[in-house]
file work04.txt (compact mmCIF, C-alpha atoms)
# COMPACT_ATOMS: atom_id res chain seq x y z
CA MET A 1 -3.11 -43.90 -34.94
CA ASN A 2 -6.52 -44.04 -36.45
CA ILE A 3 -8.91 -41.31 -35.20
CA SER A 4 -12.52 -42.00 -36.01
CA ARG A 5 -15.39 -39.52 -36.05
CA ARG A 6 -16.50 -40.99 -32.70
CA HIS A 7 -13.08 -40.10 -31.16
CA ILE A 8 -13.31 -36.55 -32.38
CA LEU A 9 -16.82 -36.15 -31.01
CA VAL A 10 -15.61 -37.34 -27.59
CA LEU A 11 -12.44 -35.25 -27.64
CA LEU A 12 -14.00 -31.95 -28.70
CA PRO A 13 -15.93 -31.19 -25.46
CA ALA A 14 -12.88 -32.19 -23.39
CA ALA A 15 -10.71 -29.82 -25.43
CA ALA A 16 -13.31 -27.07 -24.99
CA VAL A 17 -13.27 -27.52 -21.20
CA ALA A 18 -9.46 -27.45 -21.15
CA TRP A 19 -9.41 -24.28 -23.30
CA LYS A 20 -11.95 -22.63 -21.00
CA SER A 21 -9.74 -23.30 -17.97
CA ILE A 22 -6.74 -21.80 -19.78
CA LEU A 23 -8.74 -18.69 -20.61
CA ALA A 24 -9.88 -18.34 -17.01
CA GLY A 25 -6.25 -17.91 -15.88
CA THR A 26 -5.12 -17.76 -12.26
CA PRO A 27 -7.93 -17.95 -9.74
CA GLU A 28 -8.52 -14.92 -7.49
CA ALA A 29 -6.51 -15.08 -4.28
CA SER A 30 -9.50 -14.12 -2.13
CA PRO A 31 -12.71 -15.75 -3.29
CA ASN A 32 -14.95 -13.73 -0.93
CA TYR A 33 -13.64 -10.37 -2.09
CA ALA A 34 -15.63 -8.47 -4.73
CA MET A 35 -13.69 -5.63 -6.34
CA SER A 36 -16.87 -3.81 -7.35
CA GLU A 37 -17.85 -3.31 -3.69
CA HIS A 38 -14.81 -1.27 -2.67
CA TRP A 39 -13.16 2.05 -3.45
CA TRP A 40 -10.03 2.39 -1.37
CA GLY A 41 -8.37 5.46 0.04
CA MET A 42 -6.64 6.56 3.21
CA LEU A 43 -7.14 9.14 5.90
CA ILE A 44 -4.11 10.84 7.47
CA ASP A 45 -4.76 12.75 10.67
CA ILE A 46 -1.79 15.13 10.86
CA PRO A 47 -2.37 16.33 14.45
CA LYS A 48 -2.04 12.71 15.58
CA CYS A 49 1.27 11.95 13.85
CA ILE A 50 4.24 11.83 16.25
CA GLY A 51 6.91 11.03 13.66
CA CYS A 52 7.91 7.67 15.19
CA GLY A 53 8.56 6.07 11.79
CA ASN A 54 6.61 2.89 12.63
CA CYS A 55 4.74 3.10 9.31
CA VAL A 56 7.96 3.34 7.30
CA ARG A 57 9.47 0.32 9.06
CA ALA A 58 6.24 -1.68 8.79
CA CYS A 59 6.01 -0.97 5.05
CA ARG A 60 9.55 -2.23 4.52
CA ALA A 61 8.89 -5.39 6.55
CA GLU A 62 5.65 -6.12 4.74
CA ASN A 63 6.66 -5.28 1.19
CA ASP A 64 10.41 -5.90 1.05
CA VAL A 65 11.21 -2.34 -0.05
CA PRO A 66 14.87 -1.96 -1.17
CA ASP A 67 17.22 0.26 0.87
CA GLY A 68 17.17 3.90 -0.11
CA PHE A 69 13.71 3.69 -1.69
CA PHE A 70 10.36 4.36 -0.04
CA ARG A 71 6.75 3.42 -0.62
CA THR A 72 5.83 5.59 2.33
CA TRP A 73 7.88 8.16 4.21
CA VAL A 74 7.39 10.88 6.80
CA GLU A 75 8.40 14.52 6.40
CA ARG A 76 8.83 16.99 9.22
CA TYR A 77 7.95 20.60 8.46
CA HIS A 78 9.26 23.56 10.41
CA VAL A 79 7.46 26.76 9.47
CA THR A 80 8.69 30.05 10.93
CA ASP A 81 7.96 33.70 10.20
CA GLU A 82 11.03 33.90 7.96
CA ASN A 83 10.49 30.82 5.80
CA MET A 84 6.73 30.63 5.39
CA SER A 85 6.88 30.35 1.61
CA SER A 86 9.56 27.64 1.64
CA PRO A 87 9.63 25.97 5.03
CA GLU A 88 12.38 23.69 6.25
CA VAL A 89 11.45 20.06 5.45
CA ILE A 90 13.47 17.11 6.69
CA SER A 91 12.99 13.39 6.19
CA PRO A 92 16.17 11.60 7.35
CA ASN A 93 16.10 8.15 5.73
CA GLY A 94 12.37 8.66 5.13
CA GLY A 95 11.83 8.95 8.87
CA LYS A 96 12.64 5.25 9.26
CA GLU A 97 14.68 5.82 12.43
CA GLY A 98 12.53 8.69 13.64
CA PHE A 99 13.60 12.33 13.73
CA PRO A 100 16.26 14.33 15.60
CA GLU A 101 14.97 16.09 18.67
CA ALA A 102 13.47 19.50 17.97
CA LYS A 103 14.11 22.22 20.53
CA GLU A 104 11.34 24.57 21.59
CA ASP A 105 11.63 27.23 18.96
CA ALA A 106 9.82 29.92 17.08
CA GLY A 107 7.29 28.74 14.49
CA LYS A 108 5.45 25.47 14.23
CA TYR A 109 6.41 21.86 13.62
CA PHE A 110 4.30 19.08 12.17
CA PHE A 111 4.77 15.69 10.51
CA VAL A 112 3.35 14.76 7.13
CA PRO A 113 3.31 11.05 6.26
CA LYS A 114 3.31 10.51 2.52
CA LEU A 115 2.50 7.60 0.27
CA CYS A 116 0.90 6.93 -3.11
CA ASN A 117 -2.32 8.94 -3.29
CA HIS A 118 -4.07 6.21 -5.33
CA CYS A 119 -5.44 8.86 -7.65
CA ALA A 120 -8.69 8.15 -9.44
CA ASP A 121 -7.42 10.09 -12.50
CA SER A 122 -3.82 9.11 -12.13
CA PRO A 123 -1.19 10.76 -14.36
CA CYS A 124 1.16 7.79 -13.85
CA THR A 125 -1.22 5.25 -15.39
CA GLN A 126 -1.99 7.50 -18.34
CA VAL A 127 1.61 7.66 -19.52
CA CYS A 128 2.37 3.92 -19.41
CA PRO A 129 3.06 2.84 -23.01
CA VAL A 130 2.38 -0.88 -22.45
CA GLY A 131 -0.53 -1.03 -19.98
CA ALA A 132 1.62 -2.24 -17.09
CA THR A 133 0.21 0.16 -14.52
CA PHE A 134 -3.44 0.79 -13.93
CA VAL A 135 -6.16 1.79 -11.48
CA SER A 136 -7.83 -1.43 -10.36
CA PRO A 137 -11.65 -1.64 -10.29
CA ASP A 138 -11.47 -1.03 -6.51
CA GLY A 139 -9.42 2.15 -6.87
CA VAL A 140 -5.86 1.02 -6.15
CA VAL A 141 -3.02 2.07 -8.47
CA LEU A 142 -0.99 -1.07 -9.14
CA VAL A 143 1.99 -2.14 -11.25
CA ASP A 144 2.03 -5.37 -13.25
CA GLN A 145 5.70 -6.16 -12.75
CA LYS A 146 5.66 -8.97 -15.32
CA TYR A 147 4.53 -6.49 -17.98
CA CYS A 148 6.54 -3.39 -16.98
CA LEU A 149 9.47 -2.47 -19.22
CA GLY A 150 11.12 -0.15 -16.69
CA CYS A 151 10.95 2.90 -18.95
CA ALA A 152 10.25 5.11 -15.90
CA TYR A 153 7.72 7.35 -17.65
CA CYS A 154 5.41 6.82 -14.69
CA VAL A 155 8.17 7.71 -12.22
CA GLN A 156 8.50 11.15 -13.71
CA ALA A 157 4.74 11.53 -14.26
CA CYS A 158 3.81 11.09 -10.59
CA PRO A 159 3.43 14.60 -9.11
CA TYR A 160 3.97 13.24 -5.60
CA GLY A 161 7.23 11.35 -6.15
CA CYS A 162 5.73 8.07 -5.05
CA ARG A 163 7.29 5.74 -7.63
CA TYR A 164 10.79 4.37 -8.13
CA ILE A 165 12.54 1.84 -10.32
CA HIS A 166 13.34 -1.24 -8.27
CA PRO A 167 17.16 -1.54 -8.30
CA GLU A 168 17.17 -5.34 -8.77
CA LYS A 169 13.96 -6.05 -10.67
CA LYS A 170 14.46 -2.96 -12.93
CA VAL A 171 10.72 -2.35 -13.04
CA ALA A 172 8.50 0.34 -11.55
CA ASP A 173 7.56 -0.21 -7.92
CA LYS A 174 5.23 1.64 -5.59
CA CYS A 175 2.76 1.45 -2.73
CA THR A 176 0.06 -1.15 -3.45
CA LEU A 177 -2.05 0.03 -0.49
CA CYS A 178 -1.12 -3.46 0.77
CA TYR A 179 -3.48 -4.91 -1.82
CA HIS A 180 -2.59 -8.43 -0.64
CA ARG A 181 -3.86 -7.45 2.84
CA ILE A 182 -6.93 -5.34 2.14
CA THR A 183 -8.37 -8.03 -0.15
CA LYS A 184 -8.17 -10.43 2.82
CA GLY A 185 -10.00 -8.07 5.17
CA LEU A 186 -6.87 -6.80 6.93
CA THR A 187 -5.75 -3.19 7.09
CA THR A 188 -2.49 -2.00 5.51
CA ALA A 189 0.82 -2.66 7.28
CA CYS A 190 1.37 1.06 7.94
CA CYS A 191 -2.10 1.48 9.47
CA GLU A 192 -1.64 -1.70 11.51
CA ALA A 193 1.65 -0.39 12.92
CA CYS A 194 0.61 3.23 13.49
CA PRO A 195 0.43 3.64 17.29
CA THR A 196 -1.71 6.79 17.33
CA GLY A 197 -4.25 6.06 14.60
CA ALA A 198 -2.86 8.86 12.46
CA ARG A 199 -3.25 6.63 9.40
CA GLN A 200 -6.53 4.91 8.67
CA LEU A 201 -7.46 2.82 5.69
CA ALA A 202 -10.75 4.03 4.20
CA ASP A 203 -13.26 2.26 1.99
CA LEU A 204 -15.20 5.03 0.29
CA LYS A 205 -17.84 2.64 -1.07
CA ASN A 206 -18.65 1.26 2.38
CA PRO A 207 -21.43 3.43 3.82
CA SER A 208 -20.56 2.43 7.40
CA ASP A 209 -16.88 3.38 7.09
CA PRO A 210 -16.02 6.17 9.61
CA ILE A 211 -14.34 8.13 6.77
CA HIS A 212 -17.69 9.58 5.67
CA GLU A 213 -18.47 11.06 9.08
CA PHE A 214 -14.89 12.31 9.35
CA LEU A 215 -14.97 14.08 5.97
CA LYS A 216 -18.22 15.79 6.95
CA THR A 217 -16.95 17.08 10.29
CA HIS A 218 -13.29 17.98 9.66
CA SER A 219 -11.22 20.24 7.44
CA VAL A 220 -9.80 17.71 5.06
CA GLN A 221 -7.62 18.26 1.99
CA VAL A 222 -5.68 16.28 -0.56
CA LEU A 223 -2.17 17.05 -1.78
CA LYS A 224 -1.85 19.24 -4.91
CA PRO A 225 -5.60 19.53 -5.57
CA GLN A 226 -4.83 21.96 -8.43
CA MET A 227 -3.49 19.01 -10.44
CA ALA A 228 -6.92 17.34 -10.48
CA THR A 229 -5.47 13.89 -9.97
CA GLY A 230 -8.44 12.67 -7.94
CA ALA A 231 -6.14 11.85 -5.01
CA LYS A 232 -7.74 9.57 -2.41
CA VAL A 233 -5.32 10.11 0.49
CA TYR A 234 -7.13 12.65 2.65
CA TYR A 235 -5.16 14.82 5.07
CA ASN A 236 -6.85 16.27 8.12
CA SER A 237 -5.61 19.76 9.13
CA LEU A 238 -3.14 20.00 6.27
CA ASP A 239 -1.02 23.14 6.47
CA GLY A 240 -0.95 25.40 3.41
CA SER A 241 2.84 25.18 3.18
CA VAL A 242 2.81 21.43 2.44
CA ARG A 243 3.68 20.58 -1.13
CA MET B 1 -15.93 -10.44 -66.64
CA SER B 2 -13.91 -8.11 -68.74
CA VAL B 3 -13.38 -5.77 -65.81
CA PHE B 4 -11.05 -8.26 -64.06
CA ARG B 5 -9.31 -9.39 -67.25
CA ASP B 6 -5.90 -7.93 -66.52
CA ALA B 7 -6.26 -7.66 -62.70
CA GLY B 8 -4.55 -10.92 -61.71
CA HIS B 9 -1.53 -9.13 -60.25
CA LEU B 10 -3.85 -7.04 -58.02
CA PHE B 11 -5.54 -10.17 -56.64
CA ARG B 12 -2.16 -11.69 -55.85
CA PHE B 13 -1.20 -8.51 -54.01
CA ALA B 14 -4.51 -8.43 -52.10
CA GLY B 15 -3.99 -12.09 -51.19
CA LEU B 16 -0.61 -11.18 -49.75
CA PHE B 17 -2.28 -8.53 -47.57
CA VAL B 18 -4.92 -10.99 -46.35
CA ILE B 19 -2.23 -13.53 -45.42
CA ALA B 20 -0.20 -10.87 -43.61
CA PHE B 21 -3.31 -9.75 -41.69
CA LEU B 22 -4.14 -13.31 -40.68
CA ALA B 23 -0.54 -13.83 -39.56
CA PHE B 24 -0.80 -10.62 -37.49
CA LEU B 25 -4.02 -11.83 -35.81
CA LEU B 26 -2.44 -15.23 -35.14
CA ILE B 27 0.71 -13.77 -33.57
CA ARG B 28 -1.30 -11.21 -31.62
CA GLY B 29 -3.57 -13.92 -30.24
CA TYR B 30 -0.53 -15.87 -29.15
CA VAL B 31 1.49 -12.99 -27.65
CA VAL B 32 -1.17 -10.91 -25.84
CA PRO B 33 -2.06 -12.49 -22.47
CA LYS B 34 -5.56 -13.94 -22.29
CA SER B 35 -6.64 -11.69 -19.41
CA PHE B 36 -5.46 -8.48 -21.09
CA GLY B 37 -8.43 -6.15 -21.42
CA GLN B 38 -10.55 -8.05 -18.89
CA TYR B 39 -11.05 -4.87 -16.79
CA GLY B 40 -9.20 -2.29 -18.86
CA HIS B 41 -6.00 -1.77 -20.83
CA TYR B 42 -3.95 -4.09 -18.63
CA ARG B 43 -3.52 -7.74 -17.70
CA GLY B 44 -6.48 -8.68 -15.48
CA ASN B 45 -4.60 -11.54 -13.86
CA ALA B 46 -2.04 -9.08 -12.46
CA ILE B 47 -4.61 -8.08 -9.81
CA GLY B 48 -4.88 -11.65 -8.53
CA GLU B 49 -1.09 -12.06 -8.57
CA ILE B 50 -0.58 -8.91 -6.47
CA ALA B 51 -3.34 -9.99 -4.08
CA ALA B 52 -1.56 -13.34 -3.60
CA ARG B 53 1.64 -11.84 -2.14
CA PRO B 54 2.52 -13.10 1.35
CA VAL B 55 1.31 -11.28 4.47
CA HIS B 56 3.84 -10.43 7.20
CA PHE B 57 1.73 -8.52 9.75
CA ALA B 58 -0.93 -10.92 11.06
CA GLY B 59 -3.23 -8.13 12.29
CA HIS B 60 -4.40 -7.58 15.87
CA GLN B 61 -7.52 -9.72 15.37
CA ALA B 62 -5.27 -12.77 14.87
CA CYS B 63 -3.23 -11.93 18.01
CA GLU B 64 -6.32 -11.48 20.15
CA THR B 65 -7.73 -14.93 19.37
CA CYS B 66 -5.00 -16.46 21.60
CA HIS B 67 -3.64 -13.55 23.68
CA GLY B 68 -6.91 -12.44 25.29
CA ASP B 69 -5.25 -11.49 28.61
CA GLU B 70 -2.86 -9.06 27.00
CA ALA B 71 -5.63 -7.64 24.82
CA ALA B 72 -7.78 -7.05 27.91
CA ALA B 73 -4.87 -5.40 29.79
CA LYS B 74 -4.25 -3.16 26.79
CA GLN B 75 -7.92 -2.30 26.45
CA ALA B 76 -7.99 -0.97 30.02
CA GLY B 77 -5.22 1.60 29.50
CA LYS B 78 -3.89 4.35 27.31
CA HIS B 79 -2.41 1.89 24.80
CA ALA B 80 -5.83 0.51 23.87
CA HIS B 81 -5.50 1.76 20.31
CA VAL B 82 -1.90 0.67 19.78
CA ASN B 83 -2.00 -2.55 17.78
CA CYS B 84 0.07 -5.52 18.99
CA GLU B 85 2.46 -5.55 16.05
CA ALA B 86 3.19 -1.82 16.37
CA CYS B 87 5.57 -2.85 19.18
CA HIS B 88 6.08 -6.61 18.71
CA GLY B 89 6.82 -6.38 14.97
CA PRO B 90 5.45 -8.46 12.07
CA LEU B 91 4.40 -11.88 13.41
CA ALA B 92 2.28 -13.56 10.75
CA LYS B 93 4.70 -16.53 10.81
CA HIS B 94 4.08 -16.90 14.56
CA ALA B 95 0.32 -16.69 14.01
CA ASP B 96 0.53 -19.44 11.35
CA ASP B 97 2.74 -21.70 13.47
CA PRO B 98 2.71 -20.57 17.13
CA SER B 99 4.75 -23.47 18.51
CA SER B 100 7.84 -23.36 16.31
CA VAL B 101 8.09 -19.60 15.64
CA THR B 102 8.35 -17.77 18.95
CA PRO B 103 8.64 -13.99 19.02
CA VAL B 104 11.42 -12.15 20.87
CA LYS B 105 10.29 -9.94 23.74
CA PRO B 106 10.91 -6.33 22.69
CA ASP B 107 13.42 -4.24 24.63
CA THR B 108 11.52 -1.42 26.34
CA ALA B 109 14.68 0.73 26.45
CA VAL B 110 14.53 0.97 22.65
CA LEU B 111 10.81 0.64 22.19
CA CYS B 112 9.26 3.25 24.50
CA ILE B 113 11.44 6.19 23.43
CA ARG B 114 10.64 5.57 19.75
CA CYS B 115 7.31 7.22 20.45
CA HIS B 116 7.76 8.96 23.79
CA ALA B 117 11.13 10.75 23.42
CA ALA B 118 10.58 14.44 24.07
CA SER B 119 10.60 16.68 21.00
CA ALA B 120 9.09 20.10 20.38
CA ALA B 121 7.93 18.79 16.99
CA LYS B 122 5.44 16.35 18.53
CA PRO B 123 1.82 17.26 19.21
CA LYS B 124 1.61 19.07 22.55
CA GLY B 125 -0.85 16.65 24.16
CA PHE B 126 1.25 13.57 23.45
CA PRO B 127 3.04 12.19 26.56
CA GLN B 128 6.77 12.79 26.17
CA ILE B 129 9.70 12.08 28.48
CA ALA B 130 13.10 13.76 28.71
CA ALA B 131 16.26 11.67 28.31
CA ASP B 132 17.10 12.01 32.04
CA HIS B 133 13.64 10.85 33.16
CA MET B 134 14.08 8.77 36.37
CA SER B 135 17.86 8.75 35.66
CA GLY B 136 17.32 6.17 32.90
CA ILE B 137 16.13 3.12 34.87
CA PRO B 138 14.24 0.54 32.71
CA CYS B 139 10.76 1.76 31.79
CA GLN B 140 9.00 -1.41 32.94
CA THR B 141 10.21 -0.89 36.51
CA CYS B 142 7.27 1.47 36.90
CA HIS B 143 5.21 1.12 33.69
CA GLN B 144 3.66 -2.06 32.42
CA PRO B 145 3.78 -1.65 28.61
CA HIS B 146 0.27 -2.99 27.94
CA ASN B 147 -1.24 -0.57 30.45
CA PRO B 148 1.40 2.07 31.18
CA ALA B 149 -0.34 3.98 34.00
CA ILE B 150 1.80 3.86 37.21
CA SER B 151 -1.26 2.62 39.14
CA ALA B 152 -1.39 -0.45 36.89
CA GLY B 153 2.04 -1.51 38.21
CA GLY B 154 5.27 -2.37 36.40
CA ALA B 155 7.54 -5.33 35.68
CA LYS B 156 5.52 -7.87 33.74

call {"tool": "encode", "arguments": {"input": "work04.txt", "output": "structure tokens"}}
result
Amino acid sequence: MNISRRHILVLLPAAAVAWKSILAGTPEASPNYAMSEHWWGMLIDIPKCIGCGNCVRACRAENDVPDGFFRTWVERYHVTDENMSSPEVISPNGGKEGFPEAKEDAGKYFFVPKLCNHCADSPCTQVCPVGATFVSPDGVVLVDQKYCLGCAYCVQACPYGCRYIHPEKKVADKCTLCYHRITKGLTTACCEACPTGARQLADLKNPSDPIHEFLKTHSVQVLKPQMATGAKVYYNSLDGSVR
Amino acid sequence: MSVFRDAGHLFRFAGLFVIAFLAFLLIRGYVVPKSFGQYGHYRGNAIGEIAARPVHFAGHQACETCHGDEAAAKQAGKHAHVNCEACHGPLAKHADDPSSVTPVKPDTAVLCIRCHAASAAKPKGFPQIAADHMSGIPCQTCHQPHNPAISAGGAK
């Protein structure tokens, strides 16, 4: 085949366009969603939680979570005069089937739903040796499962126990804050399924989000604030005994 | 150029280094994904891939576009803030294709006690029923799930 200068001059722009499209990679799944306009978190209203386990079941249905592992789970605390420093905590199967009946008793009971805190200064992303886990520009801690080696550094780095190694994929897995839903304008599966509104997705960059008013008017805490992780899951009326 | 008179072996060595460096750049350019470093020390395309995962819960807005009657009944009662799929389960497939995927009606005997079974651990103001409540007749005999007040009637 004889390629003339004219051929090359015609082919070069075409090749440039093709190369540009390769560099651009996969198109964004939601074209109307701008990452820079959001900063995601969650509000958990402990006095509203009834321990029904709807969130745990919804998470499994939405995200195909393997048996025995949890992206979200519910703990039930029982604090009495005797065990104030180390209260009784139960979470049978993560609270998936609810909790055994509690009899009227001394002390207090309350439920604490837990999930990834989507920390702004996350210890789990700092330890990843290959750049497979990261805080996205909209504040969600995600795992690139194509890039993850499964070394489990992040699993042991998370102070909240929110990560696990997927038993079949052999890579780190965790709550994505239903990233595939929130980028489409939906709420997370756990918030959608919560019957009492104890869990509410919060967009901290949205000035009209009710989270701002709530934070101003309630006693709100995060888990393990002494670790300075920048946790963005806010708990209303969190008891001091919760770890 | 008397300085470089006997330096030929050094140039050959330096050349080797240059070739090795170019080979490193070439391999690196080939191996590292194009979107790596787009937003930070990770593959930028991973964000789009995670966002493209399938949705299972359609969301109550999708339900309400067709089931306006049920939404209105729910809005009038205590279950106004309970989303449809909290009881009916994930139904995005039904929302995508309402004619061929039909949801199963939930069993109130299982469903109601998930939330309303009596337990001292639950918040005091939350309505709870003992196991022997009305000697165990089906809940919907008296309570209509979308608007559970007795005055709203049962069996729907």

call {"tool": "residues_around", "arguments": {"input": "work04.txt", "residues": "Leu215 of chain A", "least_positions_apart": "2", "cutoff": "12 Å", "atoms": "all atoms listed in the file", "output": "PDB file with C-alpha atoms, in the coordinates of the input"}}
result
ATOM      1  CA  MET A  42      -6.640   6.560   3.210  1.00  0.00           C
ATOM      2  CA  LEU A  43      -7.140   9.140   5.900  1.00  0.00           C
ATOM      3  CA  ILE A  44      -4.110  10.840   7.470  1.00  0.00           C
ATOM      4  CA  ASP A  45      -4.760  12.750  10.670  1.00  0.00           C
ATOM      5  CA  ALA A 202     -10.750   4.030   4.200  1.00  0.00           C
ATOM      6  CA  LEU A 204     -15.200   5.030   0.290  1.00  0.00           C
ATOM      7  CA  ASP A 209     -16.880   3.380   7.090  1.00  0.00           C
ATOM      8  CA  PRO A 210     -16.020   6.170   9.610  1.00  0.00           C
ATOM      9  CA  ILE A 211     -14.340   8.130   6.770  1.00  0.00           C
ATOM     10  CA  HIS A 212     -17.690   9.580   5.670  1.00  0.00           C
ATOM     11  CA  GLU A 213     -18.470  11.060   9.080  1.00  0.00           C
ATOM     12  CA  THR A 217     -16.950  17.080  10.290  1.00  0.00           C
ATOM     13  CA  HIS A 218     -13.290  17.980   9.660  1.00  0.00           C
ATOM     14  CA  SER A 219     -11.220  20.240   7.440  1.00  0.00           C
ATOM     15  CA  VAL A 220      -9.800  17.710   5.060  1.00  0.00           C
ATOM     16  CA  GLN A 221      -7.620  18.260   1.990  1.00  0.00           C
ATOM     17  CA  VAL A 222      -5.680  16.280  -0.560  1.00  0.00           C
ATOM     18  CA  LYS A 232      -7.740   9.570  -2.410  1.00  0.00           C
ATOM     19  CA  VAL A 233      -5.320  10.110   0.490  1.00  0.00           C
ATOM     20  CA  TYR A 234      -7.130  12.650   2.650  1.00  0.00           C
ATOM     21  CA  TYR A 235      -5.160  14.820   5.070  1.00  0.00           C
ATOM     22  CA  ASN A 236      -6.850  16.270   8.120  1.00  0.00           C
ATOM     23  CA  SER A 237      -5.610  19.760   9.130  1.00  0.00           C
TER      24      SER A 237
END

call {"tool": "interface_residues", "arguments": {"input": "work04.txt", "of": "chain A", "to": "chain B", "cutoff": "6 Å", "atoms": "only C-alpha atoms", "output": "compact mmCIF listing (two decimals) with C-alpha atoms, in the frame of the given file"}}
result
# COMPACT_ATOMS: atom_id res chain seq x y z
CA LEU A 23 -8.74 -18.69 -20.61
CA GLU A 28 -8.52 -14.92 -7.49
CA ALA A 29 -6.51 -15.08 -4.28
CA ILE A 50 4.24 11.83 16.25
CA CYS A 52 7.91 7.67 15.19
CA GLU A 62 5.65 -6.12 4.74
CA GLU A 101 14.97 16.09 18.67
CA ALA A 102 13.47 19.50 17.97
CA LYS A 103 14.11 22.22 20.53
CA GLU A 104 11.34 24.57 21.59
CA TYR A 109 6.41 21.86 13.62
CA GLY A 131 -0.53 -1.03 -19.98
CA ASP A 144 2.03 -5.37 -13.25
CA TYR A 179 -3.48 -4.91 -1.82
CA HIS A 180 -2.59 -8.43 -0.64
CA ALA A 193 1.65 -0.39 12.92
CA PRO A 195 0.43 3.64 17.29

call {"tool": "closest_residue", "arguments": {"input": "work04.txt", "among": "B:Gly77, B:Pro148, B:Pro103, B:Gly68", "to": "Leu91 of chain B", "atoms": "only C-alpha atoms"}}
result
B:Pro103

call {"tool": "atom_distance", "arguments": {"input": "work04.txt", "atom1": "atom CA of Val74 of chain A", "atom2": "atom CA of Ile46 of chain A"}}
result
10.9 Å

call {"tool": "closest_residue", "arguments": {"input": "work04.txt", "among": "B:Ser135, B:Asn147, B:Thr141, B:Ser2", "to": "Gln75 of chain B", "atoms": "only C-alpha atoms"}}
result
B:Asn147

call {"tool": "atom_distance", "arguments": {"input": "work04.txt", "atom1": "atom CA of Tyr30 of chain B", "atom2": "atom CA of Cys128 of chain A"}}
result
22.2 Å

call {"tool": "atom_distance", "arguments": {"input": "work04.txt", "atom1": "atom CA of Asp132 of chain B", "atom2": "atom CA of Ser91 of chain A"}}
result
26.2 Å

call {"tool": "residues_near_point", "arguments": {"input": "work04.txt", "point": "(8.1, 2.2, 27.3)", "cutoff": "9 Å", "atoms": "all atoms listed in the file", "output": "PyMOL selection string"}}
result
chain B and resi 107-116+138-140+143-145+148

call {"tool": "residues_around", "arguments": {"input": "work04.txt", "residues": "segment 33-37 of chain A", "least_positions_apart": "5", "cutoff": "8 Å", "atoms": "only C-alpha atoms", "output": "PyMOL selection string"}}
result
chain A and resi 137-138+183-184+205-206

call {"tool": "residues_around", "arguments": {"input": "work04.txt", "residues": "Cys148 of chain A", "least_positions_apart": "2", "cutoff": "10 Å", "atoms": "all atoms listed in the file", "output": "ChimeraX atom specification"}}
result
/A:128-133,143-146,150-152,170-173

call {"tool": "residues_around", "arguments": {"input": "work04.txt", "residues": "segment 81-90 of chain A", "least_positions_apart": "3", "cutoff": "8 Å", "atoms": "only C-alpha atoms", "output": "PyMOL selection string"}}
result
chain A and resi 75-78+107+241

call {"tool": "closest_residue", "arguments": {"input": "work04.txt", "among": "A:Pro47, A:Leu186, A:Lys169, A:Val135", "to": "Asn117 of chain A", "atoms": "only C-alpha atoms"}}
result
A:Val135

call {"tool": "build_atoms", "arguments": {"input": "work04.txt", "residues": "segment 100-111 of chain A", "atoms": "N, CA and C atoms", "output": "PDB file, in the coordinates of the input"}}
result
ATOM      1  N   PRO A 100      15.464  13.709  14.537  1.00  0.00           N
ATOM      2  CA  PRO A 100      16.260  14.330  15.600  1.00  0.00           C
ATOM      3  C   PRO A 100      15.372  15.192  16.488  1.00  0.00           C
ATOM      4  N   GLU A 101      15.787  15.326  17.733  1.00  0.00           N
ATOM      5  CA  GLU A 101      14.970  16.090  18.670  1.00  0.00           C
ATOM      6  C   GLU A 101      14.875  17.538  18.211  1.00  0.00           C
ATOM      7  N   ALA A 102      13.670  18.084  18.301  1.00  0.00           N
ATOM      8  CA  ALA A 102      13.470  19.500  17.970  1.00  0.00           C
ATOM      9  C   ALA A 102      13.387  20.279  19.267  1.00  0.00           C
ATOM     10  N   LYS A 103      14.157  21.375  19.325  1.00  0.00           N
ATOM     11  CA  LYS A 103      14.110  22.220  20.530  1.00  0.00           C
ATOM     12  C   LYS A 103      12.919  23.183  20.419  1.00  0.00           C
ATOM     13  N   GLU A 104      12.416  23.576  21.574  1.00  0.00           N
ATOM     14  CA  GLU A 104      11.340  24.570  21.590  1.00  0.00           C
ATOM     15  C   GLU A 104      11.841  25.817  20.875  1.00  0.00           C
ATOM     16  N   ASP A 105      11.098  26.273  19.916  1.00  0.00           N
ATOM     17  CA  ASP A 105      11.630  27.230  18.960  1.00  0.00           C
ATOM     18  C   ASP A 105      10.493  28.086  18.421  1.00  0.00           C
ATOM     19  N   ALA A 106      10.850  29.122  17.733  1.00  0.00           N
ATOM     20  CA  ALA A 106       9.820  29.920  17.080  1.00  0.00           C
ATOM     21  C   ALA A 106       9.176  29.096  15.965  1.00  0.00           C
ATOM     22  N   GLY A 107       7.948  29.421  15.603  1.00  0.00           N
ATOM     23  CA  GLY A 107       7.290  28.740  14.490  1.00  0.00           C
ATOM     24  C   GLY A 107       6.613  27.463  14.924  1.00  0.00           C
ATOM     25  N   LYS A 108       6.198  26.694  13.932  1.00  0.00           N
ATOM     26  CA  LYS A 108       5.450  25.470  14.230  1.00  0.00           C
ATOM     27  C   LYS A 108       6.091  24.272  13.544  1.00  0.00           C
ATOM     28  N   TYR A 109       5.924  23.130  14.166  1.00  0.00           N
ATOM     29  CA  TYR A 109       6.410  21.860  13.620  1.00  0.00           C
ATOM     30  C   TYR A 109       5.207  20.956  13.368  1.00  0.00           C
ATOM     31  N   PHE A 110       5.294  20.145  12.333  1.00  0.00           N
ATOM     32  CA  PHE A 110       4.300  19.080  12.170  1.00  0.00           C
ATOM     33  C   PHE A 110       4.870  18.020  11.237  1.00  0.00           C
ATOM     34  N   PHE A 111       4.320  16.812  11.344  1.00  0.00           N
ATOM     35  CA  PHE A 111       4.770  15.690  10.510  1.00  0.00           C
ATOM     36  C   PHE A 111       3.747  15.424   9.412  1.00  0.00           C
TER      37      PHE A 111
END
